[in-house]
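Asks: Pasting entry-v3.json below, which is JSON, C-alpha atoms and all ligand atoms.
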```json
[["chain", "number", "residue", "atom", "x", "y", "z"],
["A", 68, "MET", "CA", 81.23, 59.43, 163.08],
["A", 69, "ASP", "CA", 81.49, 59.86, 166.85],
["A", 70, "VAL", "CA", 82.41, 63.13, 168.48],
["A", 71, "ALA", "CA", 86.01, 62.17, 169.30],
["A", 72, "GLU", "CA", 86.61, 61.17, 165.70],
["A", 73, "ALA", "CA", 85.08, 64.41, 164.38],
["A", 74, "ILE", "CA", 87.28, 66.45, 166.73],
["A", 75, "LYS", "CA", 90.37, 64.55, 165.60],
["A", 76, "GLN", "CA", 89.54, 64.88, 161.93],
["A", 77, "ARG", "CA", 88.57, 68.55, 161.96],
["A", 78, "ARG", "CA", 91.25, 70.88, 160.80],
["A", 79, "SER", "CA", 91.10, 74.21, 159.04],
["A", 80, "ILE", "CA", 90.63, 73.50, 155.35],
["A", 81, "ARG", "CA", 91.98, 76.18, 153.03],
["A", 82, "ALA", "CA", 91.33, 74.65, 149.61],
["A", 83, "PHE", "CA", 87.86, 73.72, 148.37],
["A", 84, "ARG", "CA", 86.17, 72.26, 145.34],
["A", 85, "PRO", "CA", 83.98, 74.88, 143.65],
["A", 86, "ASP", "CA", 80.68, 73.00, 143.81],
["A", 87, "GLY", "CA", 78.25, 74.54, 146.29],
["A", 88, "LEU", "CA", 76.61, 72.52, 149.05],
["A", 89, "PRO", "CA", 72.98, 71.43, 148.78],
["A", 90, "GLN", "CA", 70.85, 73.64, 151.02],
["A", 91, "GLU", "CA", 69.51, 70.48, 152.71],
["A", 92, "VAL", "CA", 72.99, 69.57, 153.96],
["A", 93, "LEU", "CA", 73.51, 73.04, 155.39],
["A", 94, "LYS", "CA", 70.06, 72.88, 157.02],
["A", 95, "ASP", "CA", 70.90, 69.51, 158.63],
["A", 96, "ILE", "CA", 74.13, 70.92, 160.04],
["A", 97, "MET", "CA", 72.58, 74.14, 161.29],
["A", 98, "ASP", "CA", 69.52, 72.45, 162.84],
["A", 99, "ILE", "CA", 71.70, 70.25, 165.01],
["A", 100, "ALA", "CA", 74.32, 72.91, 165.73],
["A", 101, "LEU", "CA", 71.60, 74.96, 167.44],
["A", 102, "ARG", "CA", 71.74, 72.49, 170.35],
["A", 103, "ALA", "CA", 74.84, 74.37, 171.57],
["A", 104, "PRO", "CA", 74.61, 75.59, 175.16],
["A", 105, "SER", "CA", 74.34, 79.31, 175.86],
["A", 106, "GLY", "CA", 74.26, 81.44, 178.99],
["A", 107, "SER", "CA", 70.66, 81.54, 180.32],
["A", 108, "ASN", "CA", 69.71, 79.76, 177.09],
["A", 109, "ALA", "CA", 69.68, 83.22, 175.50],
["A", 110, "GLN", "CA", 70.78, 81.71, 172.15],
["A", 111, "PRO", "CA", 72.31, 85.01, 171.12],
["A", 112, "TRP", "CA", 73.51, 83.80, 167.73],
["A", 113, "GLU", "CA", 72.03, 84.71, 164.37],
["A", 114, "PHE", "CA", 73.28, 83.38, 161.06],
["A", 115, "ALA", "CA", 73.65, 84.42, 157.48],
["A", 116, "ILE", "CA", 74.17, 81.30, 155.37],
["A", 117, "VAL", "CA", 75.54, 82.37, 152.05],
["A", 118, "GLY", "CA", 76.35, 80.87, 148.67],
["A", 119, "GLY", "CA", 76.08, 81.45, 144.94],
["A", 120, "SER", "CA", 76.10, 84.97, 143.59],
["A", 121, "LYS", "CA", 75.75, 86.53, 147.07],
["A", 122, "LEU", "CA", 79.03, 85.03, 148.21],
["A", 123, "GLU", "CA", 80.66, 86.12, 144.98],
["A", 124, "GLU", "CA", 79.42, 89.66, 145.64],
["A", 125, "ILE", "CA", 80.98, 89.58, 149.12],
["A", 126, "LYS", "CA", 84.26, 88.25, 147.74],
["A", 127, "ARG", "CA", 84.38, 91.03, 145.14],
["A", 128, "ALA", "CA", 83.49, 93.71, 147.67],
["A", 129, "PHE", "CA", 86.16, 92.51, 150.12],
["A", 130, "HIS", "CA", 88.71, 92.45, 147.34],
["A", 131, "GLU", "CA", 87.96, 96.13, 146.74],
["A", 132, "GLU", "CA", 88.45, 96.90, 150.46],
["A", 133, "LEU", "CA", 91.90, 95.29, 150.51],
["A", 134, "GLY", "CA", 94.53, 97.68, 151.75],
["A", 135, "LYS", "CA", 92.00, 99.68, 153.77],
["A", 136, "GLN", "CA", 92.19, 99.59, 157.55],
["A", 137, "PRO", "CA", 90.07, 96.66, 158.87],
["A", 138, "ASN", "CA", 87.13, 97.74, 160.94],
["A", 139, "PHE", "CA", 86.23, 94.68, 163.03],
["A", 140, "ASP", "CA", 83.14, 94.95, 165.25],
["A", 141, "PHE", "CA", 85.23, 93.15, 167.89],
["A", 142, "PRO", "CA", 88.83, 94.27, 167.41],
["A", 143, "LEU", "CA", 91.59, 91.68, 167.08],
["A", 144, "PRO", "CA", 94.39, 91.71, 169.67],
["A", 145, "GLN", "CA", 96.75, 94.62, 168.97],
["A", 146, "GLN", "CA", 99.66, 92.40, 169.86],
["A", 147, "TYR", "CA", 100.32, 88.84, 170.94],
["A", 148, "PRO", "CA", 102.48, 88.77, 174.08],
["A", 149, "GLU", "CA", 104.63, 85.72, 174.75],
["A", 150, "PRO", "CA", 104.14, 82.81, 174.68],
["A", 151, "TYR", "CA", 101.30, 83.42, 172.22],
["A", 152, "SER", "CA", 103.40, 85.34, 169.76],
["A", 153, "THR", "CA", 105.77, 82.39, 169.37],
["A", 154, "ARG", "CA", 102.86, 80.01, 168.79],
["A", 155, "ARG", "CA", 101.37, 82.38, 166.22],
["A", 156, "ARG", "CA", 104.66, 82.70, 164.35],
["A", 157, "ALA", "CA", 105.13, 78.92, 164.47],
["A", 158, "VAL", "CA", 101.83, 78.10, 162.79],
["A", 159, "LEU", "CA", 102.42, 80.71, 160.09],
["A", 160, "ALA", "CA", 105.99, 79.48, 159.50],
["A", 161, "LYS", "CA", 104.76, 75.89, 159.22],
["A", 162, "LEU", "CA", 102.02, 76.95, 156.81],
["A", 163, "TYR", "CA", 104.44, 78.86, 154.57],
["A", 164, "GLU", "CA", 106.94, 76.01, 154.70],
["A", 165, "SER", "CA", 104.32, 73.42, 153.72],
["A", 166, "LEU", "CA", 103.53, 75.58, 150.68],
["A", 167, "GLY", "CA", 107.17, 76.23, 149.83],
["A", 168, "ILE", "CA", 106.69, 79.95, 150.41],
["A", 169, "ASP", "CA", 109.58, 82.02, 151.68],
["A", 170, "ARG", "CA", 108.46, 83.96, 154.77],
["A", 171, "GLU", "CA", 110.23, 87.03, 153.45],
["A", 172, "ASP", "CA", 108.35, 86.86, 150.16],
["A", 173, "ARG", "CA", 105.82, 89.63, 150.74],
["A", 174, "GLU", "CA", 104.12, 89.16, 147.39],
["A", 175, "GLU", "CA", 103.41, 85.46, 148.04],
["A", 176, "ARG", "CA", 102.18, 86.30, 151.51],
["A", 177, "ARG", "CA", 99.88, 88.93, 150.07],
["A", 178, "LYS", "CA", 98.50, 86.40, 147.58],
["A", 179, "LEU", "CA", 97.80, 84.02, 150.45],
["A", 180, "GLN", "CA", 96.01, 86.77, 152.34],
["A", 181, "LEU", "CA", 93.90, 87.44, 149.26],
["A", 182, "ARG", "CA", 92.92, 83.79, 149.07],
["A", 183, "GLY", "CA", 91.86, 83.92, 152.70],
["A", 184, "MET", "CA", 89.70, 86.95, 152.07],
["A", 185, "GLY", "CA", 88.15, 84.98, 149.23],
["A", 186, "PHE", "CA", 87.10, 82.31, 151.76],
["A", 187, "TRP", "CA", 89.99, 80.15, 150.51],
["A", 188, "GLY", "CA", 87.79, 79.33, 147.51],
["A", 189, "ALA", "CA", 84.90, 77.89, 149.54],
["A", 190, "PRO", "CA", 81.52, 77.95, 147.79],
["A", 191, "ASN", "CA", 79.55, 78.60, 150.98],
["A", 192, "ALA", "CA", 79.91, 80.45, 154.25],
["A", 193, "VAL", "CA", 78.11, 80.78, 157.54],
["A", 194, "TYR", "CA", 78.28, 84.16, 159.21],
["A", 195, "ILE", "CA", 77.54, 84.34, 162.92],
["A", 196, "TYR", "CA", 76.34, 87.67, 164.23],
["A", 197, "ILE", "CA", 74.84, 88.98, 167.40],
["A", 198, "ASP", "CA", 72.68, 91.83, 168.64],
["A", 199, "ARG", "CA", 74.65, 94.79, 169.95],
["A", 200, "SER", "CA", 72.25, 95.26, 172.92],
["A", 201, "LEU", "CA", 73.38, 91.95, 174.44],
["A", 202, "CYS", "CA", 77.12, 92.25, 174.07],
["A", 203, "ILE", "CA", 77.86, 95.96, 174.41],
["A", 204, "GLN", "CA", 76.49, 97.55, 177.56],
["A", 205, "ASP", "CA", 77.75, 100.83, 179.07],
["A", 206, "ASP", "CA", 80.52, 100.83, 176.42],
["A", 207, "THR", "CA", 81.83, 97.50, 177.74],
["A", 208, "VAL", "CA", 82.09, 94.47, 175.48],
["A", 209, "LEU", "CA", 80.57, 91.52, 177.33],
["A", 210, "ILE", "CA", 82.25, 88.34, 176.30],
["A", 211, "TRP", "CA", 79.64, 85.83, 177.45],
["A", 212, "PRO", "CA", 77.32, 85.91, 174.44],
["A", 213, "ILE", "CA", 80.36, 85.86, 172.18],
["A", 214, "LEU", "CA", 81.58, 82.76, 173.97],
["A", 215, "ASP", "CA", 78.17, 81.20, 173.20],
["A", 216, "CYS", "CA", 78.79, 81.95, 169.52],
["A", 217, "GLY", "CA", 82.10, 80.12, 169.74],
["A", 218, "LEU", "CA", 80.31, 77.05, 171.03],
["A", 219, "VAL", "CA", 77.81, 77.02, 168.18],
["A", 220, "ALA", "CA", 80.66, 77.66, 165.72],
["A", 221, "GLU", "CA", 82.49, 74.53, 166.88],
["A", 222, "ASN", "CA", 79.26, 72.53, 166.59],
["A", 223, "ILE", "CA", 78.92, 73.68, 162.98],
["A", 224, "MET", "CA", 82.50, 72.72, 162.17],
["A", 225, "LEU", "CA", 82.30, 69.30, 163.82],
["A", 226, "LEU", "CA", 78.98, 68.49, 162.16],
["A", 227, "ALA", "CA", 80.41, 69.56, 158.82],
["A", 228, "THR", "CA", 83.38, 67.24, 159.42],
["A", 229, "SER", "CA", 80.99, 64.37, 160.10],
["A", 230, "HIS", "CA", 79.42, 65.08, 156.67],
["A", 231, "GLY", "CA", 82.87, 64.82, 155.04],
["A", 232, "LEU", "CA", 82.99, 68.60, 154.57],
["A", 233, "GLY", "CA", 85.76, 71.07, 155.27],
["A", 234, "THR", "CA", 85.55, 74.31, 157.23],
["A", 235, "VAL", "CA", 87.76, 77.14, 158.37],
["A", 236, "PRO", "CA", 86.79, 79.81, 160.89],
["A", 237, "LEU", "CA", 87.74, 83.18, 159.47],
["A", 238, "ALA", "CA", 88.29, 86.57, 161.03],
["A", 239, "GLN", "CA", 89.49, 87.78, 157.63],
["A", 240, "VAL", "CA", 85.99, 87.68, 156.18],
["A", 241, "ILE", "CA", 84.49, 89.96, 158.83],
["A", 242, "ALA", "CA", 87.23, 92.60, 158.60],
["A", 243, "TYR", "CA", 84.82, 95.03, 156.92],
["A", 244, "PRO", "CA", 81.48, 94.39, 158.66],
["A", 245, "ASP", "CA", 79.74, 97.41, 157.13],
["A", 246, "VAL", "CA", 80.25, 95.87, 153.70],
["A", 247, "LEU", "CA", 78.64, 92.64, 154.91],
["A", 248, "ARG", "CA", 75.71, 94.41, 156.53],
["A", 249, "ARG", "CA", 75.10, 96.32, 153.31],
["A", 250, "ILE", "CA", 75.26, 93.30, 151.01],
["A", 251, "LEU", "CA", 73.31, 90.99, 153.31],
["A", 252, "GLY", "CA", 70.79, 93.61, 154.45],
["A", 253, "ILE", "CA", 71.73, 93.15, 158.10],
["A", 254, "PRO", "CA", 70.89, 96.12, 160.35],
["A", 255, "GLY", "CA", 73.63, 98.16, 162.01],
["A", 256, "THR", "CA", 72.44, 96.89, 165.42],
["A", 257, "LYS", "CA", 73.95, 93.48, 164.60],
["A", 258, "LEU", "CA", 77.66, 92.79, 165.09],
["A", 259, "MET", "CA", 79.64, 90.28, 163.09],
["A", 260, "VAL", "CA", 81.33, 87.67, 165.29],
["A", 261, "LEU", "CA", 82.79, 85.13, 162.86],
["A", 262, "GLY", "CA", 82.66, 83.78, 159.34],
["A", 263, "ILE", "CA", 83.02, 80.07, 158.64],
["A", 264, "ALA", "CA", 83.95, 78.96, 155.14],
["A", 265, "ILE", "CA", 82.44, 75.59, 154.28],
["A", 266, "GLY", "CA", 82.55, 73.23, 151.32],
["A", 267, "TYR", "CA", 83.97, 70.03, 149.91],
["A", 268, "PRO", "CA", 87.71, 69.93, 150.61],
["A", 269, "ASP", "CA", 90.10, 69.82, 147.69],
["A", 270, "TRP", "CA", 92.28, 67.08, 149.13],
["A", 271, "ASP", "CA", 94.72, 67.28, 146.21],
["A", 272, "ASN", "CA", 95.78, 70.77, 147.25],
["A", 273, "PRO", "CA", 98.78, 70.78, 149.65],
["A", 274, "LEU", "CA", 96.97, 73.37, 151.77],
["A", 275, "SER", "CA", 94.48, 70.68, 152.77],
["A", 276, "GLN", "CA", 97.25, 68.48, 154.17],
["A", 277, "PHE", "CA", 98.38, 71.17, 156.58],
["A", 278, "ARG", "CA", 98.11, 70.16, 160.22],
["A", 279, "SER", "CA", 98.67, 72.63, 163.04],
["A", 280, "ASP", "CA", 100.44, 71.60, 166.25],
["A", 281, "ARG", "CA", 99.10, 71.50, 169.78],
["A", 282, "LEU", "CA", 100.73, 71.78, 173.16],
["A", 283, "GLN", "CA", 100.78, 68.67, 175.32],
["A", 284, "LEU", "CA", 98.05, 68.38, 177.94],
["A", 285, "ASP", "CA", 100.63, 68.64, 180.75],
["A", 286, "GLU", "CA", 101.66, 72.06, 179.42],
["A", 287, "VAL", "CA", 98.21, 73.57, 179.83],
["A", 288, "ALA", "CA", 96.43, 71.56, 182.54],
["A", 289, "ASN", "CA", 96.94, 71.32, 186.26],
["A", 290, "TRP", "CA", 95.29, 68.56, 188.26],
["A", 291, "TYR", "CA", 93.86, 68.93, 191.75],
["A", 292, "GLY", "CA", 92.57, 66.30, 194.13],
["A", 293, "PHE", "CA", 93.76, 63.29, 192.15],
["A", 294, "ASP", "CA", 96.59, 62.25, 194.54],
["B", 1, "LIG", "C1", 88.31, 83.08, 165.83],
["B", 1, "LIG", "C2", 89.19, 82.49, 164.74],
["B", 1, "LIG", "C3", 89.57, 83.27, 163.67],
["B", 1, "LIG", "C4", 90.36, 82.73, 162.66],
["B", 1, "LIG", "N1", 90.67, 83.50, 161.56],
["B", 1, "LIG", "C5", 91.36, 82.96, 160.55],
["B", 1, "LIG", "C6", 91.62, 83.72, 159.38],
["B", 1, "LIG", "O1", 91.24, 84.88, 159.27],
["B", 1, "LIG", "N2", 92.30, 83.13, 158.37],
["B", 1, "LIG", "C7", 92.72, 81.82, 158.44],
["B", 1, "LIG", "O2", 93.30, 81.33, 157.48],
["B", 1, "LIG", "N3", 92.50, 81.07, 159.54],
["B", 1, "LIG", "C8", 91.83, 81.60, 160.60],
["B", 1, "LIG", "N4", 91.56, 80.84, 161.71],
["B", 1, "LIG", "C9", 92.00, 79.44, 161.76],
["B", 1, "LIG", "C10", 93.17, 79.24, 162.72],
["B", 1, "LIG", "O3", 94.36, 79.72, 162.11],
["B", 1, "LIG", "C11", 93.28, 77.74, 163.06],
["B", 1, "LIG", "O4", 92.12, 77.35, 163.72],
["B", 1, "LIG", "C12", 94.48, 77.43, 163.94],
["B", 1, "LIG", "O5", 95.69, 77.70, 163.27],
["B", 1, "LIG", "C13", 94.48, 75.96, 164.35],
["B", 1, "LIG", "O6", 94.47, 75.12, 163.22],
["B", 1, "LIG", "P1", 93.31, 74.08, 162.91],
["B", 1, "LIG", "O7", 92.00, 74.82, 162.84],
["B", 1, "LIG", "O8", 93.68, 73.46, 161.58],
["B", 1, "LIG", "O9", 93.29, 73.06, 164.02],
["B", 1, "LIG", "C14", 90.79, 81.37, 162.74],
["B", 1, "LIG", "C15", 90.40, 80.60, 163.84],
["B", 1, "LIG", "C16", 89.60, 81.14, 164.82],
["B", 1, "LIG", "C17", 89.15, 80.26, 165.98]]
```
Could you express the structure from this file as structure tokens?
Ligand SMILES: Cc1cc2nc3c(=O)[nH]c(=O)nc-3n(C[C@H](O)[C@H](O)[C@H](O)COP(=O)(O)O)c2cc1C
Replies:
Amino acid sequence: MDVAEAIKQRRSIRAFRPDGLPQEVLKDIMDIALRAPSGSNAQPWEFAIVGGSKLEEIKRAFHEELGKQPNFDFPLPQQYPEPYSTRRRAVLAKLYESLGIDREDREERRKLQLRGMGFWGAPNAVYIYIDRSLCIQDDTVLIWPILDCGLVAENIMLLATSHGLGTVPLAQVIAYPDVLRRILGIPGTKLMVLGIAIGYPDWDNPLSQFRSDRLQLDEVANWYGFD
């Protein structure tokens, strides 16, 4: 599969078959993903690749945290100003509609949130984390090494797509980083950047058919020097 095809095919998958991935497949993906560029080639990323009983332990622990205030190492935006708020609402509305869920139905929305915290049923996950010394200096969060992590994350997701696998990047699964550090034995000097759920998609589930929209190129790009 070429890169353009992998980019076109990748979408967030939120329904998985339960069977875990062979470690060899995950190794193949991760080995190649490491070719991502990074500022000064610092390669700031570190990974926890999780499956089996360890992932179950994380799922259970997160379930117990539900309702508590999330404690992200890198806080989520407090609010989405326009036009981002409209885009955010649109993708959620489309998701609920595709599932036949009424947006006002708080209980159904809560159930959906629970499924997300359970990695949408994925049997494996890749956590990306980073050393605090590189990304927090003089109380300022430096975005550059985090940007590097985003690049390696996309590599992982595209490579997974080329293997016929599904992925979804998840903030939900790093909402309680202390729980992750405890279960995975990761020191407090490491900060959780992102979780990626990964597995074989359950294509029969309507959630797997969901396709998010994009703006047109003309809406986001300006051209210079092409007259
Ligand atoms: C940094 C980041 C965090 C995300 N967190 C979540 C999440 O917690 N739960 C979820 O269901 N999707 C999450 N997503 C997936 C986005 O909702 C999704 O990428 C977006 O709607 C575009 O859809 P697509 O990935 O299918 O193209 C996240 C994506 C990114 C890049």
Asks: Would you please work out which residue, of A:Val287, A:Ile168, A:Leu214, A:Leu88, is nearest to ligand LIG 1 (chain B) when using all atoms listed in the file?
Replies: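 The answer is A:Leu214, which sits nearest to ligand LIG 1 (chain B).
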Asks: Would you list the contacts of region 131-144 of chain A as a ChimeraX atom specification, taking every protein, DNA or RNA residue within 7 Å and counting all atoms listed in the file, but skipping same-chain residues closer than 6 positions in sequence?
Replies: /A:241-244,258-259
Asks: With C-alpha atoms retained, write the just-selected residues as an mmCIF file, in the frame of the given file.
Replies:
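Writing the result to result.cif gives the following:
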```cif
data_model
loop_
_atom_site.group_PDB
_atom_site.id
_atom_site.type_symbol
_atom_site.label_atom_id
_atom_site.label_comp_id
_atom_site.auth_asym_id
_atom_site.auth_seq_id
_atom_site.Cartn_x
_atom_site.Cartn_y
_atom_site.Cartn_z
ATOM 1 C CA ILE A 241 84.490 89.960 158.830
ATOM 2 C CA ALA A 242 87.230 92.600 158.600
ATOM 3 C CA TYR A 243 84.820 95.030 156.920
ATOM 4 C CA PRO A 244 81.480 94.390 158.660
ATOM 5 C CA LEU A 258 77.660 92.790 165.090
ATOM 6 C CA MET A 259 79.640 90.280 163.090
#
```
Asks: Which residues are near ligand LIG 1 (chain B) - at most 10 Å, using only C-alpha atoms and all ligand atoms? Format: as an MDAnalysis selection string.
Replies: chainID A and resid 74:81 143 154:155 157:159 162 179:180 182:184 186:187 217 220:221 224 234:242 260:264 275:281
Asks: Write out, as a PDB file, in the coordinates of the input, the residues just selected, with C-alpha atoms.
Replies:
```
ATOM      1  CA  ILE A  74      87.280  66.450 166.730  1.00  0.00           C
ATOM      2  CA  LYS A  75      90.370  64.550 165.600  1.00  0.00           C
ATOM      3  CA  GLN A  76      89.540  64.880 161.930  1.00  0.00           C
ATOM      4  CA  ARG A  77      88.570  68.550 161.960  1.00  0.00           C
ATOM      5  CA  ARG A  78      91.250  70.880 160.800  1.00  0.00           C
ATOM      6  CA  SER A  79      91.100  74.210 159.040  1.00  0.00           C
ATOM      7  CA  ILE A  80      90.630  73.500 155.350  1.00  0.00           C
ATOM      8  CA  ARG A  81      91.980  76.180 153.030  1.00  0.00           C
ATOM      9  CA  LEU A 143      91.590  91.680 167.080  1.00  0.00           C
ATOM     10  CA  ARG A 154     102.860  80.010 168.790  1.00  0.00           C
ATOM     11  CA  ARG A 155     101.370  82.380 166.220  1.00  0.00           C
ATOM     12  CA  ALA A 157     105.130  78.920 164.470  1.00  0.00           C
ATOM     13  CA  VAL A 158     101.830  78.100 162.790  1.00  0.00           C
ATOM     14  CA  LEU A 159     102.420  80.710 160.090  1.00  0.00           C
ATOM     15  CA  LEU A 162     102.020  76.950 156.810  1.00  0.00           C
ATOM     16  CA  LEU A 179      97.800  84.020 150.450  1.00  0.00           C
ATOM     17  CA  GLN A 180      96.010  86.770 152.340  1.00  0.00           C
ATOM     18  CA  ARG A 182      92.920  83.790 149.070  1.00  0.00           C
ATOM     19  CA  GLY A 183      91.860  83.920 152.700  1.00  0.00           C
ATOM     20  CA  MET A 184      89.700  86.950 152.070  1.00  0.00           C
ATOM     21  CA  PHE A 186      87.100  82.310 151.760  1.00  0.00           C
ATOM     22  CA  TRP A 187      89.990  80.150 150.510  1.00  0.00           C
ATOM     23  CA  GLY A 217      82.100  80.120 169.740  1.00  0.00           C
ATOM     24  CA  ALA A 220      80.660  77.660 165.720  1.00  0.00           C
ATOM     25  CA  GLU A 221      82.490  74.530 166.880  1.00  0.00           C
ATOM     26  CA  MET A 224      82.500  72.720 162.170  1.00  0.00           C
ATOM     27  CA  THR A 234      85.550  74.310 157.230  1.00  0.00           C
ATOM     28  CA  VAL A 235      87.760  77.140 158.370  1.00  0.00           C
ATOM     29  CA  PRO A 236      86.790  79.810 160.890  1.00  0.00           C
ATOM     30  CA  LEU A 237      87.740  83.180 159.470  1.00  0.00           C
ATOM     31  CA  ALA A 238      88.290  86.570 161.030  1.00  0.00           C
ATOM     32  CA  GLN A 239      89.490  87.780 157.630  1.00  0.00           C
ATOM     33  CA  VAL A 240      85.990  87.680 156.180  1.00  0.00           C
ATOM     34  CA  ILE A 241      84.490  89.960 158.830  1.00  0.00           C
ATOM     35  CA  ALA A 242      87.230  92.600 158.600  1.00  0.00           C
ATOM     36  CA  VAL A 260      81.330  87.670 165.290  1.00  0.00           C
ATOM     37  CA  LEU A 261      82.790  85.130 162.860  1.00  0.00           C
ATOM     38  CA  GLY A 262      82.660  83.780 159.340  1.00  0.00           C
ATOM     39  CA  ILE A 263      83.020  80.070 158.640  1.00  0.00           C
ATOM     40  CA  ALA A 264      83.950  78.960 155.140  1.00  0.00           C
ATOM     41  CA  SER A 275      94.480  70.680 152.770  1.00  0.00           C
ATOM     42  CA  GLN A 276      97.250  68.480 154.170  1.00  0.00           C
ATOM     43  CA  PHE A 277      98.380  71.170 156.580  1.00  0.00           C
ATOM     44  CA  ARG A 278      98.110  70.160 160.220  1.00  0.00           C
ATOM     45  CA  SER A 279      98.670  72.630 163.040  1.00  0.00           C
ATOM     46  CA  ASP A 280     100.440  71.600 166.250  1.00  0.00           C
ATOM     47  CA  ARG A 281      99.100  71.500 169.780  1.00  0.00           C
TER      48      ARG A 281
END
```
Asks: Which of these residues is nearest to Asp86 (chain A), using only C-alpha atoms: A:Tyr267, A:Tyr147, A:Phe114, A:Tyr194?
Replies: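 Nearest candidate to Asp86 (chain A) out of A:Tyr267, A:Tyr147, A:Phe114, A:Tyr194: A:Tyr267.
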Asks: In Å, how far is it from CA of Leu201 (chain A) to CA of Asp215 (chain A)?
Replies: 11.8 Å
Asks: I need the residue nearest Lys94 (chain A) from this list: A:Ile223, A:Ile250, A:Gln204, A:Asp69. Use only C-alpha atoms for the distance.
Replies: A:Ile223
Asks: Tell me, in Å to one decimal, how far CA of Tyr163 (chain A) is from CA of Gly266 (chain A).
Replies: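 Separating CA of Tyr163 (chain A) from CA of Gly266 (chain A) is a distance of 22.8 Å.
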Asks: When you count all atoms listed in the file, which of these residues is closest to Leu251 (chain A): A:Val70, A:Gly87, A:Ala128, A:Ala100?
Replies: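 Result for the nearest residue to Leu251 (chain A): A:Ala128.
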Asks: Report, in Å with one decimal, the straight-line distance from CA of Leu247 (chain A) to CA of Ser200 (chain A).
Replies: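 Taking CA of Leu247 (chain A) as the start and CA of Ser200 (chain A) as the end point, the length is 19.3 Å.
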Asks: Which residue is closest to Leu166 (chain A)? Choose from A:Leu282, A:Ser120, A:Asn272, A:Ile195 and count all atoms listed in the file.
Replies: A:Asn272
Asks: With distances taken over only C-alpha atoms, which of A:Gly185, A:Gly106, A:Gly255, A:Pro111 is nearest to Glu124 (chain A)?
Replies: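 Looking only at the distances to Glu124 (chain A), the closest residue turns out to be A:Gly185.
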Asks: Can you find the residues with an atom no farther than 10 Å from (76.7, 68.0, 156.3), counting only C-alpha atoms, and report them as a PDB file with C-alpha atoms, keeping the file's coordinate frame?
Replies:
```pdb
ATOM      1  CA  LEU A  88      76.610  72.520 149.050  1.00  0.00           C
ATOM      2  CA  PRO A  89      72.980  71.430 148.780  1.00  0.00           C
ATOM      3  CA  GLN A  90      70.850  73.640 151.020  1.00  0.00           C
ATOM      4  CA  GLU A  91      69.510  70.480 152.710  1.00  0.00           C
ATOM      5  CA  VAL A  92      72.990  69.570 153.960  1.00  0.00           C
ATOM      6  CA  LEU A  93      73.510  73.040 155.390  1.00  0.00           C
ATOM      7  CA  LYS A  94      70.060  72.880 157.020  1.00  0.00           C
ATOM      8  CA  ASP A  95      70.900  69.510 158.630  1.00  0.00           C
ATOM      9  CA  ILE A  96      74.130  70.920 160.040  1.00  0.00           C
ATOM     10  CA  MET A  97      72.580  74.140 161.290  1.00  0.00           C
ATOM     11  CA  ILE A 223      78.920  73.680 162.980  1.00  0.00           C
ATOM     12  CA  MET A 224      82.500  72.720 162.170  1.00  0.00           C
ATOM     13  CA  LEU A 225      82.300  69.300 163.820  1.00  0.00           C
ATOM     14  CA  LEU A 226      78.980  68.490 162.160  1.00  0.00           C
ATOM     15  CA  ALA A 227      80.410  69.560 158.820  1.00  0.00           C
ATOM     16  CA  THR A 228      83.380  67.240 159.420  1.00  0.00           C
ATOM     17  CA  SER A 229      80.990  64.370 160.100  1.00  0.00           C
ATOM     18  CA  HIS A 230      79.420  65.080 156.670  1.00  0.00           C
ATOM     19  CA  GLY A 231      82.870  64.820 155.040  1.00  0.00           C
ATOM     20  CA  LEU A 232      82.990  68.600 154.570  1.00  0.00           C
ATOM     21  CA  GLY A 233      85.760  71.070 155.270  1.00  0.00           C
ATOM     22  CA  ILE A 265      82.440  75.590 154.280  1.00  0.00           C
ATOM     23  CA  GLY A 266      82.550  73.230 151.320  1.00  0.00           C
ATOM     24  CA  TYR A 267      83.970  70.030 149.910  1.00  0.00           C
TER      25      TYR A 267
END
```
